[in-house]
>>> print(open('target.cif').read())   # mmCIF, C-alpha atoms and all ligand atoms
data_data
#
loop_
_atom_site.label_atom_id
_atom_site.label_comp_id
_atom_site.auth_asym_id
_atom_site.auth_seq_id
_atom_site.Cartn_x
_atom_site.Cartn_y
_atom_site.Cartn_z
CA MET J 143 0.00 0.00 0.00
CA ARG J 144 1.38 3.39 -1.00
CA SER J 145 0.32 6.53 0.80
CA ILE J 146 -0.03 10.04 -0.56
CA ALA J 147 0.20 13.60 0.70
CA LEU J 148 -1.76 15.64 -1.85
CA LEU J 149 -0.86 19.32 -1.62
CA GLY J 150 -3.21 21.54 -3.59
CA SER J 151 -6.12 19.08 -3.60
CA THR J 152 -8.91 21.51 -4.53
CA GLY J 153 -7.17 22.88 -7.63
CA SER J 154 -7.22 21.49 -11.16
CA ILE J 155 -4.27 19.07 -10.69
CA GLY J 156 -5.47 18.07 -7.23
CA LYS J 157 -8.91 17.08 -8.51
CA SER J 158 -7.38 15.16 -11.43
CA THR J 159 -5.09 13.33 -8.98
CA LEU J 160 -8.09 12.18 -6.93
CA LYS J 161 -9.79 11.07 -10.16
CA VAL J 162 -6.72 8.99 -11.00
CA LEU J 163 -6.68 7.51 -7.48
CA GLU J 164 -10.23 6.20 -8.01
CA GLU J 165 -8.60 3.64 -10.35
CA LEU J 166 -5.56 2.89 -8.15
CA PRO J 167 -6.64 0.65 -5.25
CA ASP J 168 -3.04 0.28 -3.97
CA PHE J 169 -2.93 3.92 -2.89
CA ARG J 170 -4.44 5.60 0.14
CA VAL J 171 -4.63 9.33 0.92
CA GLN J 172 -2.71 10.19 4.09
CA SER J 173 -3.22 13.95 3.89
CA LEU J 174 -4.77 16.77 1.88
CA ALA J 175 -3.85 20.45 1.73
CA ALA J 176 -5.49 23.39 0.01
CA ASN J 177 -5.67 27.15 0.23
CA GLY J 178 -9.18 28.27 1.17
CA GLU J 179 -11.86 26.13 -0.52
CA TRP J 180 -13.04 24.39 2.63
CA LYS J 181 -16.38 23.21 1.17
CA THR J 182 -14.66 21.26 -1.60
CA MET J 183 -12.18 20.02 1.00
CA ARG J 184 -15.00 18.75 3.23
CA GLU J 185 -16.27 16.58 0.34
CA GLN J 186 -12.76 15.29 -0.32
CA VAL J 187 -12.28 14.45 3.37
CA VAL J 188 -15.53 12.49 3.46
CA ARG J 189 -14.58 10.53 0.31
CA TRP J 190 -10.85 9.92 1.01
CA LYS J 191 -10.69 9.84 4.84
CA PRO J 192 -7.24 11.40 5.23
CA ALA J 193 -5.65 11.46 8.69
CA ARG J 194 -4.42 15.03 8.32
CA VAL J 195 -5.76 18.11 6.54
CA VAL J 196 -4.32 21.60 6.16
CA MET J 197 -6.00 24.76 4.89
CA ALA J 198 -3.43 27.51 4.24
CA ASP J 199 -6.07 30.09 5.17
CA PRO J 200 -6.73 30.03 8.98
CA ALA J 201 -10.37 31.14 8.57
CA ALA J 202 -11.03 28.26 6.16
CA ALA J 203 -9.32 25.83 8.54
CA LYS J 204 -11.70 26.94 11.29
CA GLU J 205 -14.76 26.43 9.08
CA LEU J 206 -13.51 23.01 8.02
CA ALA J 207 -12.60 21.84 11.53
CA ALA J 208 -16.23 22.31 12.58
CA VAL J 209 -17.60 19.97 9.90
CA VAL J 210 -15.07 17.12 9.44
CA PRO J 211 -15.50 13.73 11.14
CA ALA J 212 -13.87 13.25 14.54
CA GLY J 213 -10.26 12.09 14.40
CA VAL J 214 -9.25 14.15 11.36
CA GLU J 215 -6.49 16.58 12.28
CA VAL J 216 -7.10 20.05 10.78
CA ARG J 217 -4.33 22.65 10.84
CA SER J 218 -3.57 25.88 8.99
CA GLY J 219 -0.58 27.75 7.60
CA ALA J 220 2.49 27.16 5.46
CA ASP J 221 4.44 25.34 8.18
CA ALA J 222 1.65 22.81 8.52
CA ILE J 223 1.75 22.15 4.75
CA ARG J 224 5.49 21.57 4.99
CA ASP J 225 4.85 19.07 7.79
CA LEU J 226 2.56 17.06 5.50
CA ALA J 227 5.34 16.92 2.88
CA SER J 228 7.75 15.35 5.38
CA ASP J 229 5.16 13.19 7.22
CA PRO J 230 6.68 9.70 7.78
CA GLU J 231 3.22 8.21 7.12
CA ALA J 232 3.32 9.37 3.45
CA ASP J 233 5.76 7.92 0.92
CA THR J 234 4.57 10.04 -2.02
CA VAL J 235 4.00 13.78 -2.20
CA VAL J 236 1.96 15.28 -5.02
CA ALA J 237 3.05 18.92 -5.18
CA ALA J 238 0.20 20.75 -6.91
CA ILE J 239 0.33 24.11 -5.18
CA THR J 240 0.75 26.79 -7.85
CA GLY J 241 3.63 29.22 -7.83
CA ALA J 242 6.53 30.07 -5.55
CA ALA J 243 4.26 29.29 -2.59
CA GLY J 244 4.73 25.60 -3.39
CA LEU J 245 8.51 25.62 -3.09
CA PRO J 246 8.92 25.06 0.68
CA ALA J 247 6.80 21.90 0.59
CA SER J 248 8.68 20.55 -2.43
CA VAL J 249 11.99 21.15 -0.66
CA ALA J 250 10.64 19.42 2.46
CA ALA J 251 9.53 16.39 0.41
CA VAL J 252 12.98 16.09 -1.17
CA SER J 253 14.73 16.48 2.20
CA ALA J 254 12.56 13.69 3.59
CA GLY J 255 13.46 11.37 0.68
CA LYS J 256 9.93 11.09 -0.73
CA ARG J 257 8.71 10.33 -4.21
CA LEU J 258 7.91 13.89 -5.28
CA CYS J 259 5.35 14.04 -8.10
CA LEU J 260 5.91 17.60 -9.20
CA ALA J 261 3.16 19.65 -10.81
CA ASN J 262 4.52 22.79 -9.14
CA LYS J 263 6.90 23.69 -11.98
CA GLU J 264 7.76 27.01 -10.32
CA ALA J 265 9.66 25.07 -7.63
CA MET J 266 11.97 23.57 -10.28
CA VAL J 267 12.24 26.93 -12.08
CA MET J 268 13.31 28.72 -8.89
CA ALA J 269 15.40 26.07 -7.19
CA GLY J 270 16.20 23.34 -9.74
CA PRO J 271 19.82 22.71 -8.71
CA LEU J 272 18.91 22.65 -4.99
CA LEU J 273 16.08 20.16 -5.57
CA THR J 274 18.04 17.78 -7.81
CA ALA J 275 21.14 17.87 -5.57
CA GLY J 276 18.92 17.35 -2.53
CA ALA J 277 17.25 14.35 -4.15
CA GLU J 278 20.62 12.80 -4.90
CA GLU J 279 21.56 13.17 -1.25
CA THR J 280 18.38 11.77 0.30
CA GLY J 281 17.34 9.26 -2.36
CA ALA J 282 14.19 11.22 -3.14
CA THR J 283 12.74 10.67 -6.62
CA ILE J 284 11.40 13.68 -8.52
CA LEU J 285 8.85 12.73 -11.18
CA PRO J 286 7.31 15.37 -13.44
CA ILE J 287 3.55 15.87 -13.64
CA ASP J 288 3.92 18.63 -16.22
CA SER J 289 2.67 16.93 -19.42
CA GLU J 290 5.67 17.97 -21.56
CA HIS J 291 8.18 16.78 -18.99
CA SER J 292 6.32 13.56 -18.41
CA ALA J 293 6.47 13.01 -22.18
CA VAL J 294 10.21 13.73 -22.26
CA PHE J 295 10.77 11.49 -19.24
CA GLN J 296 8.88 8.65 -20.94
CA ALA J 297 10.63 9.15 -24.29
CA MET J 298 14.04 9.24 -22.61
CA ARG J 299 13.57 5.63 -21.58
CA ALA J 300 14.10 4.71 -25.24
CA GLY J 301 17.82 5.57 -25.09
CA ASN J 302 20.69 6.83 -22.92
CA MET J 303 21.24 10.40 -21.76
CA ASP J 304 24.46 10.71 -23.81
CA GLU J 305 22.55 9.63 -26.94
CA ILE J 306 20.13 12.58 -26.79
CA ARG J 307 20.57 15.21 -29.48
CA ARG J 308 17.63 17.44 -28.59
CA VAL J 309 14.57 17.59 -26.41
CA ILE J 310 11.65 19.15 -28.28
CA LEU J 311 8.96 20.66 -26.07
CA THR J 312 5.59 21.17 -27.74
CA ALA J 313 3.44 24.24 -27.05
CA SER J 314 -0.19 24.72 -28.01
CA GLY J 315 0.53 28.37 -28.79
CA GLY J 316 -2.32 29.43 -26.52
CA PRO J 317 -5.39 31.48 -27.48
CA PHE J 318 -3.36 34.17 -29.30
CA ARG J 319 -1.40 31.84 -31.58
CA GLU J 320 -2.83 33.43 -34.73
CA TRP J 321 -3.27 36.96 -33.42
CA THR J 322 -1.22 39.89 -34.68
CA LYS J 323 1.10 41.74 -32.33
CA GLU J 324 -1.37 44.65 -32.22
CA GLN J 325 -4.25 42.35 -31.25
CA ILE J 326 -2.14 40.65 -28.58
CA ASP J 327 -1.13 44.02 -27.14
CA ALA J 328 -4.82 44.81 -26.54
CA ALA J 329 -5.80 41.39 -25.13
CA THR J 330 -8.10 41.31 -22.09
CA PRO J 331 -8.02 38.83 -19.16
CA GLU J 332 -11.26 37.28 -20.46
CA GLN J 333 -9.63 36.57 -23.85
CA ALA J 334 -6.42 35.28 -22.27
CA LEU J 335 -8.35 32.89 -20.02
CA LYS J 336 -9.87 31.03 -23.02
CA HIS J 337 -7.36 28.25 -23.66
CA PRO J 338 -8.06 26.32 -26.88
CA THR J 339 -7.08 22.80 -25.71
CA TRP J 340 -6.32 22.57 -21.96
CA GLN J 341 -8.66 23.16 -18.98
CA MET J 342 -6.40 24.56 -16.27
CA GLY J 343 -6.16 27.04 -13.39
CA ALA J 344 -6.13 30.80 -14.08
CA LYS J 345 -2.43 31.43 -13.48
CA ILE J 346 -1.17 28.75 -15.87
CA THR J 347 -3.80 29.69 -18.47
CA ILE J 348 -2.48 33.26 -18.56
CA ASP J 349 1.05 31.81 -18.70
CA SER J 350 -0.01 29.85 -21.79
CA ALA J 351 -1.33 32.98 -23.46
CA THR J 352 1.97 34.86 -22.91
CA MET J 353 3.90 31.61 -23.54
CA MET J 354 5.62 32.24 -20.21
CA ASN J 355 4.41 28.74 -19.38
CA LYS J 356 6.73 27.38 -22.06
CA ALA J 357 9.50 29.68 -20.86
CA LEU J 358 9.16 28.20 -17.36
CA GLU J 359 9.07 24.70 -18.88
CA ILE J 360 12.36 25.32 -20.69
CA ILE J 361 13.94 26.16 -17.33
CA GLU J 362 12.18 23.21 -15.69
CA ALA J 363 13.52 20.81 -18.35
CA ARG J 364 17.02 22.23 -18.03
CA TRP J 365 17.20 21.35 -14.31
CA LEU J 366 14.97 18.31 -14.13
CA PHE J 367 16.95 16.45 -16.81
CA SER J 368 20.25 18.40 -16.41
CA LEU J 369 20.18 19.30 -20.09
CA ASP J 370 22.33 21.90 -21.82
CA VAL J 371 20.06 24.74 -22.92
CA GLU J 372 21.31 24.27 -26.50
CA LYS J 373 19.64 20.86 -26.48
CA ILE J 374 16.17 22.27 -25.70
CA ALA J 375 13.88 23.31 -28.56
CA VAL J 376 10.23 24.42 -28.69
CA VAL J 377 7.74 23.76 -31.47
CA ILE J 378 4.13 24.95 -31.76
CA HIS J 379 1.62 22.09 -31.93
CA PRO J 380 -1.95 23.45 -31.71
CA GLN J 381 -3.71 20.10 -31.15
CA SER J 382 -1.80 19.32 -27.91
CA ILE J 383 -1.70 15.61 -28.78
CA VAL J 384 2.07 15.15 -29.05
CA HIS J 385 3.16 16.17 -25.55
CA SER J 386 6.88 16.42 -26.36
CA MET J 387 9.67 14.52 -28.08
CA VAL J 388 13.23 13.35 -27.63
CA GLU J 389 15.47 13.29 -30.68
CA PHE J 390 18.37 10.84 -30.48
CA HIS J 391 21.72 10.96 -32.26
CA ASP J 392 20.68 8.17 -34.63
CA ALA J 393 17.91 10.37 -36.14
CA SER J 394 15.15 8.61 -34.23
CA THR J 395 12.58 10.89 -32.62
CA ILE J 396 10.51 9.35 -29.83
CA ALA J 397 7.27 11.13 -28.93
CA GLN J 398 4.57 10.57 -26.32
CA LEU J 399 0.99 11.13 -27.49
CA GLY J 400 -2.39 11.36 -25.81
CA TYR J 401 -5.37 13.63 -25.40
CA PRO J 402 -4.70 16.78 -23.37
CA ASP J 403 -5.66 15.31 -20.01
CA MET J 404 -3.47 15.70 -16.93
CA CYS J 405 -4.65 12.35 -15.58
CA VAL J 406 -2.13 10.61 -17.88
CA PRO J 407 1.06 12.27 -16.55
CA ILE J 408 -0.33 12.13 -12.98
CA ARG J 409 -0.96 8.38 -13.28
CA TYR J 410 2.53 7.78 -14.68
CA ALA J 411 4.23 9.80 -11.93
CA LEU J 412 2.32 7.86 -9.26
CA THR J 413 2.85 4.38 -10.70
CA PHE J 414 6.30 4.67 -12.36
CA PRO J 415 8.07 2.45 -13.32
CA ARG J 416 4.81 0.57 -13.78
CA ARG J 417 1.92 1.59 -16.04
CA ALA J 418 -1.46 1.17 -14.40
CA PRO J 419 -4.46 0.32 -16.57
CA THR J 420 -7.27 2.83 -16.98
CA ALA J 421 -10.73 2.73 -18.54
CA PHE J 422 -10.56 6.26 -19.93
CA GLY J 423 -8.94 8.51 -22.50
CA PHE J 424 -7.50 6.26 -25.20
CA LEU J 425 -6.30 8.23 -28.18
CA ASP J 426 -8.11 7.86 -31.50
CA LEU J 427 -5.71 9.28 -34.07
CA VAL J 428 -8.19 8.80 -36.89
CA LYS J 429 -10.61 11.08 -35.04
CA ALA J 430 -7.81 13.54 -34.29
CA GLN J 431 -6.99 13.44 -38.02
CA ARG J 432 -4.31 16.13 -38.06
CA LEU J 433 -1.17 16.89 -36.13
CA ASP J 434 0.26 20.28 -37.12
CA PHE J 435 3.61 21.79 -36.20
CA PHE J 436 4.81 25.39 -36.58
CA PRO J 437 7.88 27.38 -35.54
CA THR J 438 7.69 29.65 -32.50
CA ASP J 439 7.53 33.43 -32.89
CA PRO J 440 9.55 35.18 -30.16
CA ALA J 441 8.71 38.59 -31.67
CA ARG J 442 5.05 38.16 -30.70
CA PHE J 443 5.82 36.03 -27.61
CA PRO J 444 9.01 37.50 -26.07
CA ALA J 445 8.59 35.43 -22.89
CA LEU J 446 10.19 32.51 -24.74
CA THR J 447 13.45 34.42 -25.14
CA HIS J 448 13.43 35.19 -21.41
CA GLY J 449 12.97 31.49 -20.67
CA PHE J 450 16.03 30.47 -22.70
CA GLU J 451 18.03 33.30 -21.14
CA ALA J 452 17.09 32.35 -17.57
CA ALA J 453 17.83 28.68 -18.25
CA ARG J 454 21.25 29.61 -19.67
CA ARG J 455 22.25 31.92 -16.79
CA GLY J 456 20.94 29.71 -13.97
CA GLY J 457 21.53 30.90 -10.40
CA THR J 458 18.84 33.34 -9.29
CA SER J 459 17.53 33.92 -12.86
CA GLY J 460 14.62 31.50 -12.63
CA ALA J 461 13.47 32.96 -9.31
CA ALA J 462 13.64 36.52 -10.69
CA LEU J 463 11.71 35.67 -13.85
CA ASN J 464 9.13 33.56 -12.03
CA GLY J 465 8.51 36.00 -9.17
CA ALA J 466 8.08 38.89 -11.57
CA ASN J 467 5.75 36.88 -13.78
CA GLU J 468 3.53 35.80 -10.86
CA ALA J 469 3.21 39.41 -9.71
CA ALA J 470 2.57 40.64 -13.25
CA VAL J 471 -0.08 37.98 -13.95
CA ALA J 472 -1.93 38.98 -10.78
CA LEU J 473 -1.84 42.64 -11.83
CA PHE J 474 -3.06 41.77 -15.33
CA LEU J 475 -5.99 39.76 -13.92
CA GLU J 476 -6.87 42.82 -11.83
CA LYS J 477 -6.68 44.86 -15.05
CA LYS J 478 -3.90 47.03 -13.61
CA ILE J 479 -1.41 46.32 -16.41
CA ARG J 480 -1.76 45.49 -20.09
CA PHE J 481 -1.07 42.02 -21.51
CA PRO J 482 2.35 42.75 -23.12
CA GLN J 483 3.59 44.23 -19.84
CA ILE J 484 3.58 40.76 -18.26
CA ALA J 485 6.51 39.56 -20.41
CA ALA J 486 8.13 43.00 -20.54
CA LEU J 487 8.25 43.47 -16.75
CA SER J 488 9.35 39.86 -16.23
CA GLY J 489 12.16 40.28 -18.76
CA ARG J 490 13.32 43.46 -17.07
CA ALA J 491 13.32 41.80 -13.65
CA LEU J 492 15.43 39.00 -15.12
CA ALA J 493 17.93 41.47 -16.61
CA GLU J 494 18.08 43.92 -13.71
CA HIS J 495 17.94 41.69 -10.60
CA PRO J 496 21.03 41.32 -8.36
CA PHE J 497 22.24 38.07 -9.92
CA ASN J 498 23.78 35.38 -7.74
CA PRO J 499 25.17 32.31 -9.56
CA THR J 500 25.06 29.95 -6.53
CA PRO J 501 22.08 30.93 -4.36
CA ALA J 502 20.92 29.13 -1.22
CA LEU J 503 17.20 28.69 -0.61
CA GLY J 504 16.96 31.94 1.39
CA ASP J 505 18.60 33.88 -1.46
CA LEU J 506 15.96 32.53 -3.87
CA PHE J 507 13.11 33.74 -1.67
CA ALA J 508 14.85 37.12 -1.35
CA ILE J 509 15.06 37.41 -5.15
CA ASP J 510 11.44 36.27 -5.47
CA ALA J 511 10.44 39.13 -3.11
CA TRP J 512 12.72 41.55 -4.97
CA ALA J 513 11.09 40.66 -8.31
CA ARG J 514 7.56 41.13 -6.95
CA ALA J 515 8.49 44.51 -5.47
CA PHE J 516 10.15 45.47 -8.76
CA VAL J 517 6.97 44.69 -10.70
CA ALA J 518 4.79 46.55 -8.21
CA ARG J 519 7.05 49.59 -8.41
CA GLU J 520 7.61 49.65 -12.18
CA SER J 521 3.98 48.92 -13.07
CA SER J 522 2.75 51.95 -11.16
CA LYS J 523 5.14 54.33 -12.91
MG MG G 1 3.03 21.82 -19.36
#
>>> encode(input="target.cif", output="structure tokens", more="lines below")
Ligand code: MG
Amino acid sequence: MRSIALLGSTGSIGKSTLKVLEELPDFRVQSLAANGEWKTMREQVVRWKPARVVMADPAAAKELAAVVPAGVEVRSGADAIRDLASDPEADTVVAAITGAAGLPASVAAVSAGKRLCLANKEAMVMAGPLLTAGAEETGATILPIDSEHSAVFQAMRAGNMDEIRRVILTASGGPFREWTKEQIDAATPEQALKHPTWQMGAKITIDSATMMNKALEIIEARWLFSLDVEKIAVVIHPQSIVHSMVEFHDASTIAQLGYPDMCVPIRYALTFPRRAPTAFGFLDLVKAQRLDFFPTDPARFPALTHGFEAARRGGTSGAALNGANEAAVALFLEKKIRFPQIAALSGRALAEHPFNPTPALGDLFAIDAWARAFVARESSK
């Protein structure tokens, strides 16, 4: 019996994880954590009977504590979430808290030697070298839940690391793939939140529209697989069926295909190296009919250039870019900045931040705070 700490259970990835668990009888849920949605959490507690529950928001924790069955421990706050990640009663941590806020729990899971199923790409973007070095030390296993990285991870099993010529990440291109630069410059939050192929949370949907999501995924791939940046390429693939590819030296390209459904990478991260059977989601290529591929356009989507730059420089670059982007996305959703300012402010934070090539965890949080303050200051000018 395997046991899971699911952090971010009321979000999109969290709900998909519980859906996957319905088909995996060898797993039990040890703990659940979420931000403030205590009503959804109450339903999850009744269904999954975890021993421990955390709501980040103290008010939500109070509401929840009054309605859960006796014997369920309810706590609140970031420290309590970190405790779930290092709980000896859980062997697997699903890190599905969005943004920099998810980093402490991911670090805790690695320190405790867990299987870390990582949907929180921002953790790898900010602190990739610390997480991978930590995992080597403790024996923790980091498995990607990001669909592109799951695809790369699966395709990599077809050869050896030193036989890889390139890793090719696919990108849907987002809702503005065919828009002109002028149209993109005037895009509203409502337009940016309409993703053509994936149903996801608000932050990552905006990141797809700016293509900052792909920028973060370039950095994520660089650390997760310790790849030279020169070996990472991006191609636009509007159907989101080919989730990414690995090109080997012998001119073989291995791809992983499937419908855009996060249950597939979640299931693989949980059951690796095994593949668990499912009743749902088998790909019908005849129905899909077409798989199109186009080059990227950094002139309309400058975030991509920032992603390559941050991956190349390493150190505090990922934290600067990510912190600035999170702050800028929040401001855009509040209609306080225009769409192109998200990438512009993030790129400036990357270029102007006090760079440190070998940061410790505290330095990364300091740069994250610096980048957020930078965006707040520059956006109000
Ligand atoms: Mg992805």
>>> residues_near_ligand(input="target.cif", ligand="ligand MG 1 (chain G)", cutoff="10 Å", atoms="only C-alpha atoms and all ligand atoms", output="list in words")
Ala261, Lys263, Pro286, Ile287, Asp288, Ser289, Glu290, His291, Ser292, Ala293, Leu311, Thr312, Ala313, Ser314, Trp340, Ile346, Ser350, Asn355, Lys356, Leu358, Glu359, Glu362, His385, Ser386 and Met404 of chain J
>>> closest_residue(input="target.cif", among="J:Leu272, J:Leu335, J:Ile408, J:Val249", to="J:Ile155", atoms="all atoms listed in the file")
J:Ile408
>>> residues_around(input="target.cif", residues="stretch 324-333 of chain J", least_positions_apart="5", cutoff="9 Å", atoms="only C-alpha atoms", output="ChimeraX atom specification")
/J:317-318,348,442,474-477,480-483
>>> closest_residue(input="target.cif", among="J:Arg454, J:Leu506, J:Ala269, J:Cys405", to="J:Leu366", atoms="all atoms listed in the file")
J:Ala269
>>> residues_near_point(input="target.cif", point="(15.9, 16.7, 1.8)", cutoff="10 Å", atoms="only C-alpha atoms", output="short mmCIF file (atom, residue, chain, number, x, y, z; two decimals) with C-alpha atoms, in the frame of the given file")
data_model
loop_
_atom_site.label_atom_id
_atom_site.label_comp_id
_atom_site.auth_asym_id
_atom_site.auth_seq_id
_atom_site.Cartn_x
_atom_site.Cartn_y
_atom_site.Cartn_z
CA SER J 228 7.75 15.35 5.38
CA SER J 248 8.68 20.55 -2.43
CA VAL J 249 11.99 21.15 -0.66
CA ALA J 250 10.64 19.42 2.46
CA ALA J 251 9.53 16.39 0.41
CA VAL J 252 12.98 16.09 -1.17
CA SER J 253 14.73 16.48 2.20
CA ALA J 254 12.56 13.69 3.59
CA GLY J 255 13.46 11.37 0.68
CA LYS J 256 9.93 11.09 -0.73
CA LEU J 272 18.91 22.65 -4.99
CA LEU J 273 16.08 20.16 -5.57
CA THR J 274 18.04 17.78 -7.81
CA ALA J 275 21.14 17.87 -5.57
CA GLY J 276 18.92 17.35 -2.53
CA ALA J 277 17.25 14.35 -4.15
CA GLU J 278 20.62 12.80 -4.90
CA GLU J 279 21.56 13.17 -1.25
CA THR J 280 18.38 11.77 0.30
CA GLY J 281 17.34 9.26 -2.36
CA ALA J 282 14.19 11.22 -3.14
#
>>> atom_distance(input="target.cif", atom1="atom CA of J:Ala351", atom2="atom CA of J:Thr438")
13.2 Å
>>> decode(input="target.cif", residues="stretch 166-180 of chain J", atoms="N, CA, C and O atoms", output="mmCIF file, in the first residue's frame")
data_model
loop_
_atom_site.group_PDB
_atom_site.id
_atom_site.type_symbol
_atom_site.label_atom_id
_atom_site.label_comp_id
_atom_site.auth_asym_id
_atom_site.auth_seq_id
_atom_site.Cartn_x
_atom_site.Cartn_y
_atom_site.Cartn_z
ATOM 1 N N LEU J 166 -6.789 3.474 -8.697
ATOM 2 C CA LEU J 166 -5.559 2.895 -8.148
ATOM 3 C C LEU J 166 -5.802 2.392 -6.725
ATOM 4 O O LEU J 166 -5.542 3.096 -5.753
ATOM 5 N N PRO J 167 -6.277 1.156 -6.583
ATOM 6 C CA PRO J 167 -6.642 0.651 -5.251
ATOM 7 C C PRO J 167 -5.447 0.469 -4.312
ATOM 8 O O PRO J 167 -5.648 0.339 -3.102
ATOM 9 N N ASP J 168 -4.219 0.479 -4.838
ATOM 10 C CA ASP J 168 -3.045 0.281 -3.973
ATOM 11 C C ASP J 168 -2.577 1.557 -3.286
ATOM 12 O O ASP J 168 -1.547 1.561 -2.622
ATOM 13 N N PHE J 169 -3.319 2.653 -3.501
ATOM 14 C CA PHE J 169 -2.931 3.917 -2.886
ATOM 15 C C PHE J 169 -3.974 4.349 -1.866
ATOM 16 O O PHE J 169 -5.159 4.171 -2.080
ATOM 17 N N ARG J 170 -3.501 4.948 -0.775
ATOM 18 C CA ARG J 170 -4.438 5.604 0.137
ATOM 19 C C ARG J 170 -3.987 7.053 0.343
ATOM 20 O O ARG J 170 -2.822 7.395 0.116
ATOM 21 N N VAL J 171 -4.939 7.912 0.729
ATOM 22 C CA VAL J 171 -4.632 9.330 0.921
ATOM 23 C C VAL J 171 -4.337 9.569 2.399
ATOM 24 O O VAL J 171 -5.217 9.417 3.252
ATOM 25 N N GLN J 172 -3.117 9.904 2.711
ATOM 26 C CA GLN J 172 -2.712 10.190 4.089
ATOM 27 C C GLN J 172 -3.097 11.618 4.490
ATOM 28 O O GLN J 172 -3.527 11.856 5.607
ATOM 29 N N SER J 173 -2.940 12.551 3.544
ATOM 30 C CA SER J 173 -3.215 13.948 3.892
ATOM 31 C C SER J 173 -3.612 14.756 2.668
ATOM 32 O O SER J 173 -3.265 14.411 1.531
ATOM 33 N N LEU J 174 -4.349 15.841 2.926
ATOM 34 C CA LEU J 174 -4.771 16.770 1.876
ATOM 35 C C LEU J 174 -4.460 18.186 2.343
ATOM 36 O O LEU J 174 -4.606 18.494 3.527
ATOM 37 N N ALA J 175 -4.047 19.033 1.399
ATOM 38 C CA ALA J 175 -3.846 20.452 1.731
ATOM 39 C C ALA J 175 -4.405 21.310 0.614
ATOM 40 O O ALA J 175 -4.356 20.935 -0.557
ATOM 41 N N ALA J 176 -4.967 22.454 0.999
ATOM 42 C CA ALA J 176 -5.487 23.395 0.009
ATOM 43 C C ALA J 176 -5.418 24.800 0.590
ATOM 44 O O ALA J 176 -5.051 24.975 1.758
ATOM 45 N N ASN J 177 -5.797 25.766 -0.210
ATOM 46 C CA ASN J 177 -5.672 27.149 0.226
ATOM 47 C C ASN J 177 -6.869 27.574 1.075
ATOM 48 O O ASN J 177 -6.780 27.703 2.287
ATOM 49 N N GLY J 178 -8.046 27.744 0.418
ATOM 50 C CA GLY J 178 -9.182 28.265 1.166
ATOM 51 C C GLY J 178 -10.521 27.612 0.869
ATOM 52 O O GLY J 178 -11.518 27.911 1.520
ATOM 53 N N GLU J 179 -10.565 26.717 -0.108
ATOM 54 C CA GLU J 179 -11.858 26.134 -0.517
ATOM 55 C C GLU J 179 -12.279 25.010 0.423
ATOM 56 O O GLU J 179 -12.219 23.824 0.088
ATOM 57 N N TRP J 180 -12.774 25.400 1.598
ATOM 58 C CA TRP J 180 -13.043 24.386 2.629
ATOM 59 C C TRP J 180 -14.264 23.519 2.316
ATOM 60 O O TRP J 180 -14.360 22.389 2.765
#
